[in-house]
Amino acid sequence: MSYSVDTDRKWQKRWEDSKLYKFNPDAEGEKLYCLEMFSYPSGANLHLGHWYNYSLTDSWSRMKRMQGYNVFHPMGFDSFGLPAENYAIKTGIHPKDSTLKNIATMEKQLREMGATYDWDYEIATCMPEYYKWNQWFFIQLYNKGLAYRKNAPVNWCPQCQTVLANEQVVDGECERCHTEVVHKHMTQWFFKITDYAQELLDCLPQLDWPEKTKKIQTNWIGRSEGSQVAFFVEKDGKQLMNDDGTPVKLEVFTTRADTFMGVTYVVVAPESELCEKLTTAECKEAVDAYRLATSKVTDIDRMSTTREKTGVFTGAYAIHPLNGRKVPIWAADYVIAAYGTGVVMAVPSHDERDFEFATKFGLDIIRVVASEPGAEDELPYCEKKGVLVNSDEFDGLEMHAAIDAIVAKLNSMGMGEKKINYRLRDWLISRQRYWGTPIPMIHCPSCGVVPVPEKDLPVLLPYDVEFTPDGESPLAKCAEFVNCKCPKCGGDAKRDPDTMDTFVDSSWYQFRYVDPKNENAIFDSKLVNKMCPVDKYVGGAEHAAMHLLYARFFTKAMRDMGLVDFDEPFQSLVHQGVILGPDGQKMSKSRGNTVAPDDYISKYGSDVFRTYLAFGFAYIDGGPWSDEGLKAIVKFIDRVERAVADVKDTPSCDISSIELGKDEKDLNYVLNYTIKSATADIDRFQFNTSVARMMELLNAIGKYQQTAGCKKEMLRYTVEKLILVLSPFAPHFAEEQWEIMGNEYSVFNQAWPSFDESALVKDTIEIAVQINGKVQFKVDIPSEADQAAVEEIVKGDDRLEGALAGRSIVKFIYVKGRLANIVAK
């Protein structure tokens with residue numbers, strides 16, 4: 001095999017010198033925006049996952065380009081984030097220095113992959129020219145009431161003295177020092193994504209996304225139709241009042257208002273400020289101890305249905321608004337402050353969790369729904385059918401009718417109403433970290449919170465900052481950064497010391513790619529409306545509920561601001577699978593089962609590696625790595641190379657100039673079947689089957705070469721088509737073979753081959769001839785022959801007499817296109 005990494009370098013230089021992949025938004029052809037989720041430059045090299053995502057999406061883009069689309073295929077780097085900051089803490093190398101070095105390395109490797117990126121459209125989110133517009137858009141959200149501050153619980157590491165993102169908490173411990181993480185409250189910035197909850201649900205069905213991903217988003221948003229009901233509170237024998245003199249109300253969302261008369265206790269989230277307000281002096285010590293214990297448990301563990309229920313009495317009571325019953329208020333960790341109202345009404349007779357809790361702590365259990373009047377159903381009775389019992393004026397009502405009646409009564413008292421609730425919470429975007437976008441707000445003692453004026457953007461991230469965690473945001477310790485003047489009054493003020501969640505960077509980058517050098521606007525809306533939304537988006541399924549949801553929110557907010565004229569950022573979505581180690585396990589250095597792409601590429605060239613990634617795995621599933629599979633691709637490439645060598649001196653010609661005999665028609669059938677199948681499969685990201693069709697075509701070429709009347713012009717025509725179909729997977733190799741055959745540069749300026757449907761209809765087909773169900777011989781028949789014609793052909797075959805062995809034909813059956821069956825006696 002003469003193909004090597006030197007071939008790669010030759011054609012990469014040629015492509016760059018000729019600007020083959022220079023994108024022109026005004027070029028002919030329907031626009032097609034293809035985008036992979038950009039990478040975080042946290043390592044020195046592209047890993048296997050990068051290659052699997054980027055090289056094969058590039059293959060798809062190449063086919064689309066050859067089909068006449070004006071393909072926009074940019075690349076950049078998601079370059080803010082925790083890994084670089086943690087690396088700086090560990091090594092002393094500044095995040096900016098390590099990140100920019102890694103970007104340079106990864107860009108070089110991406111170029112050596114041979115992808116179709118136009119690097120004039122490159123972005124890096126850590127650069128001021130990018131994050132300036134993060135800050136600008138933050139201020140637009142703030143002005144629209146979609147960015148706000150409030151007190152919220154955070155993950156806190158007592159050892160590192162810092163806030164941790166959820167992803168930094170592993171099994172309830174800090175990922176760095178393994179100290180047990182606790183929860184504490186801090187004032188944080190939020191984006192009001194909940195304003196778009198219903199629209200985020202409504203637009204999902206129209207998207208060409210995996211159903212599983214749409215289901216994850218549906219569940220994450222979590223729409224529930226129910227009722228909000230309320231209780232007054234008694235503490236220390238008196239009704240509990242707010243500071244403004246109004247009575248405290250405990251508001252609860254429920255989908256089972258029919259069970260309201262069966263409430264025997266109420267539960268509040270122990271970490272909530274409400275819990276502290278409800279707790280009596282007598283119960284304070286026990287509640288404080290329980291609050292501390294709860295702060296060390298993850299939200300996931302707290303919500304587990306199998307975890308043993310724990311709780312503590314607050315000393316206060318909720319007053320049932322319809323019957324005046326006093327029911328105890330407990331704090332229990334299965335209720336979380338950030339979900340719903342942070343208060344739950346408990347009906348142990350009709351809820352398994354409440355029943356378990358009430359049984360453990362000896363709380364009342366009152367049946368209020370029965371399957372039918374007088375029934376003594378086993379408790380808890382949780383079926384969604386029945387009538388009310390022990391419910392005073394509502395006795396005998398069918399449970400669904402009872403919901404309406406009970407809520408109507410509560411509504412007349414100002415204590416309840418029908419309501420739609422969402423599981424989705426507003427997006428907490430504050431990070432007490434350094435390596436991110438500074439939040440563009442100023443805190444003035446006189447004027448309060450004031451946005452940085454647009455003319456003063458970007459608020460630059462300072463270089464000389466102390467990273468060592470000590471409980472403060474790193475920027476708070478940088479006097480040159482934090483001390484400033486108030487834009488309103490001119491007095492002394494301080495900048496907000498937090499940085500933005502890096503998901504902000506990736507929530508709108510798809511639009512900035514279109515207009516990356518614009519210094520005067522976040523982007524040119526006309527240009528973005530022309531090029532967007534993204535037509536094909538490819539990346540990991542792990543981003544289903546965060547990045548993809550946030551990007552949808554940003555798009556809708558931008559639409560409402562007049563920045564874009566569409567509703568969704570990504571029309572079609574594909575998730576790539578995960579390649580496992582040769583042992584079938586997830587790759588890790590500790591297992592010793594990692595695969596280093598560079599080793600294989602230096603040995604075989606990038607196209608062998610790319611083509612194996614296409615052939616060796618179902619793209620959306622992934623699977624175990626196999627060196628033997630890669631060696632099969634080496635042999636395949638070598639055979640294609642030899643096929644080209646056999647025809648390179650034969651002039652190119654069209655199929656119309658070749659006289660087609662049976663052997664030519666057979667080869668042409670395989671060629672057209674390959675083109676048809678590979679085109680459809682590549683379009684569906686089913687790359688493995690498309691490469692398999694090419695291998696079958698190469699076998700058919702080899703078979704045709706052995707025929708007595710083999711025509712060189714037919715071989716040349718077929719091999720040319722094979723190179724065109726193979727070119728998206730092996731671009732450098734295909735260019736080389738295309739040149740060897742004397743064709744004009746570039747193979748990627750050629751049209752994608754079309755298939756001839758008529759060539760897929762064979763003149764003759766081969767069928768089996770059976771006698772009493774046993775195959776005796778095979779015979780060629782006209783493909784359109786009816787039973788009478790087939791029977792005549794079979795009976796005229798010299799082999800039939802010997803196969804019958806003196807028996808007589810009783811019945812002749814023809815199964816069209818498959819077989820002839822003779823019943824003989």
# chains A, B, ... in the order shown; residues from 1 in each chain; ligands from 1
call {"tool": "select_by_dssp", "arguments": {"residues": "stretch 251-285 of chain A", "states": "strand (DSSP E or B)", "output": "PyMOL selection string"}}
result
chain A and resi 251-254+265-268
call {"tool": "residues_around", "arguments": {"residues": "stretch 278-283 of chain A", "least_positions_apart": "6", "cutoff": "8 Å", "atoms": "only C-alpha atoms", "output": "VMD selection string"}}
result
chain A and resid 235 to 236 313 to 316
call {"tool": "atom_distance", "arguments": {"atom1": "atom CA of A:Met303", "atom2": "atom CA of A:Ala338"}}
result
12.3 Å
call {"tool": "residues_around", "arguments": {"residues": "A:Tyr422", "least_positions_apart": "4", "cutoff": "10 Å", "atoms": "only C-alpha atoms", "output": "MDAnalysis selection string"}}
result
chainID A and resid 194 197:198 219:225 339:340
call {"tool": "write_last_selection", "arguments": {"atoms": "N, CA, C and O atoms", "output": "mmCIF file, in the first residue's frame"}}
result
data_model
loop_
_atom_site.group_PDB
_atom_site.id
_atom_site.type_symbol
_atom_site.label_atom_id
_atom_site.label_comp_id
_atom_site.auth_asym_id
_atom_site.auth_seq_id
_atom_site.Cartn_x
_atom_site.Cartn_y
_atom_site.Cartn_z
ATOM 1 N N THR A 194 -37.597 29.258 33.117
ATOM 2 C CA THR A 194 -38.952 28.764 33.387
ATOM 3 C C THR A 194 -40.015 29.567 32.642
ATOM 4 O O THR A 194 -41.119 29.061 32.424
ATOM 5 N N ALA A 197 -40.904 27.443 29.721
ATOM 6 C CA ALA A 197 -41.112 26.009 29.969
ATOM 7 C C ALA A 197 -42.115 25.398 29.003
ATOM 8 O O ALA A 197 -41.855 24.358 28.384
ATOM 9 N N GLN A 198 -43.270 26.033 28.846
ATOM 10 C CA GLN A 198 -44.305 25.444 27.991
ATOM 11 C C GLN A 198 -43.879 25.433 26.527
ATOM 12 O O GLN A 198 -44.086 24.446 25.814
ATOM 13 N N ASN A 219 -39.208 15.086 30.295
ATOM 14 C CA ASN A 219 -39.207 14.735 31.721
ATOM 15 C C ASN A 219 -38.492 15.794 32.555
ATOM 16 O O ASN A 219 -38.886 16.070 33.698
ATOM 17 N N TRP A 220 -37.436 16.382 31.996
ATOM 18 C CA TRP A 220 -36.678 17.407 32.725
ATOM 19 C C TRP A 220 -37.545 18.645 32.954
ATOM 20 O O TRP A 220 -37.526 19.233 34.027
ATOM 21 N N ILE A 221 -38.301 19.023 31.940
ATOM 22 C CA ILE A 221 -39.217 20.168 32.071
ATOM 23 C C ILE A 221 -40.361 19.803 33.012
ATOM 24 O O ILE A 221 -40.785 20.612 33.839
ATOM 25 N N GLY A 222 -40.864 18.588 32.886
ATOM 26 C CA GLY A 222 -41.766 18.010 33.880
ATOM 27 C C GLY A 222 -43.069 18.759 34.110
ATOM 28 O O GLY A 222 -43.342 19.212 35.218
ATOM 29 N N ARG A 223 -43.889 18.868 33.089
ATOM 30 C CA ARG A 223 -45.174 19.570 33.230
ATOM 31 C C ARG A 223 -46.166 18.705 34.011
ATOM 32 O O ARG A 223 -46.360 17.525 33.710
ATOM 33 N N SER A 224 -46.778 19.296 35.005
ATOM 34 C CA SER A 224 -47.814 18.618 35.789
ATOM 35 C C SER A 224 -49.037 19.525 35.889
ATOM 36 O O SER A 224 -48.903 20.718 36.183
ATOM 37 N N GLU A 225 -50.200 18.947 35.651
ATOM 38 C CA GLU A 225 -51.446 19.691 35.843
ATOM 39 C C GLU A 225 -52.020 19.297 37.201
ATOM 40 O O GLU A 225 -52.212 18.117 37.482
ATOM 41 N N TYR A 339 -37.225 22.383 44.476
ATOM 42 C CA TYR A 339 -38.253 21.740 43.680
ATOM 43 C C TYR A 339 -39.633 22.164 44.167
ATOM 44 O O TYR A 339 -39.963 22.026 45.350
ATOM 45 N N GLY A 340 -40.445 22.680 43.242
ATOM 46 C CA GLY A 340 -41.782 23.123 43.604
ATOM 47 C C GLY A 340 -41.727 24.233 44.633
ATOM 48 O O GLY A 340 -40.904 25.145 44.563
#
call {"tool": "residues_around", "arguments": {"residues": "A:Val347", "least_positions_apart": "4", "cutoff": "7 Å", "atoms": "only C-alpha atoms", "output": "PyMOL selection string"}}
result
chain A and resi 259+262-264+351+354
call {"tool": "residues_around", "arguments": {"residues": "A:Ala700", "least_positions_apart": "2", "cutoff": "12 Å", "atoms": "only C-alpha atoms", "output": "list of chain:residue names"}}
result
A:Ala643, A:Asp663, A:Glu664, A:Lys665, A:Asp666, A:Leu667, A:Asn668, A:Tyr669, A:Val670, A:Leu671, A:Asn672, A:Tyr673, A:Thr674, A:Arg693, A:Met694, A:Met695, A:Glu696, A:Leu697, A:Leu698, A:Gly702, A:Lys703, A:Tyr704, A:Gln705, A:Gln706, A:Thr707, A:Leu715, A:Thr718, A:Val719, A:Leu722
call {"tool": "atom_distance", "arguments": {"atom1": "atom CA of A:Thr437", "atom2": "atom CA of A:Ile103"}}
result
18.1 Å
call {"tool": "select_by_dssp", "arguments": {"residues": "stretch 457-547 of chain A", "states": "helix (DSSP H, G or I)", "output": "count of residues only"}}
result
26
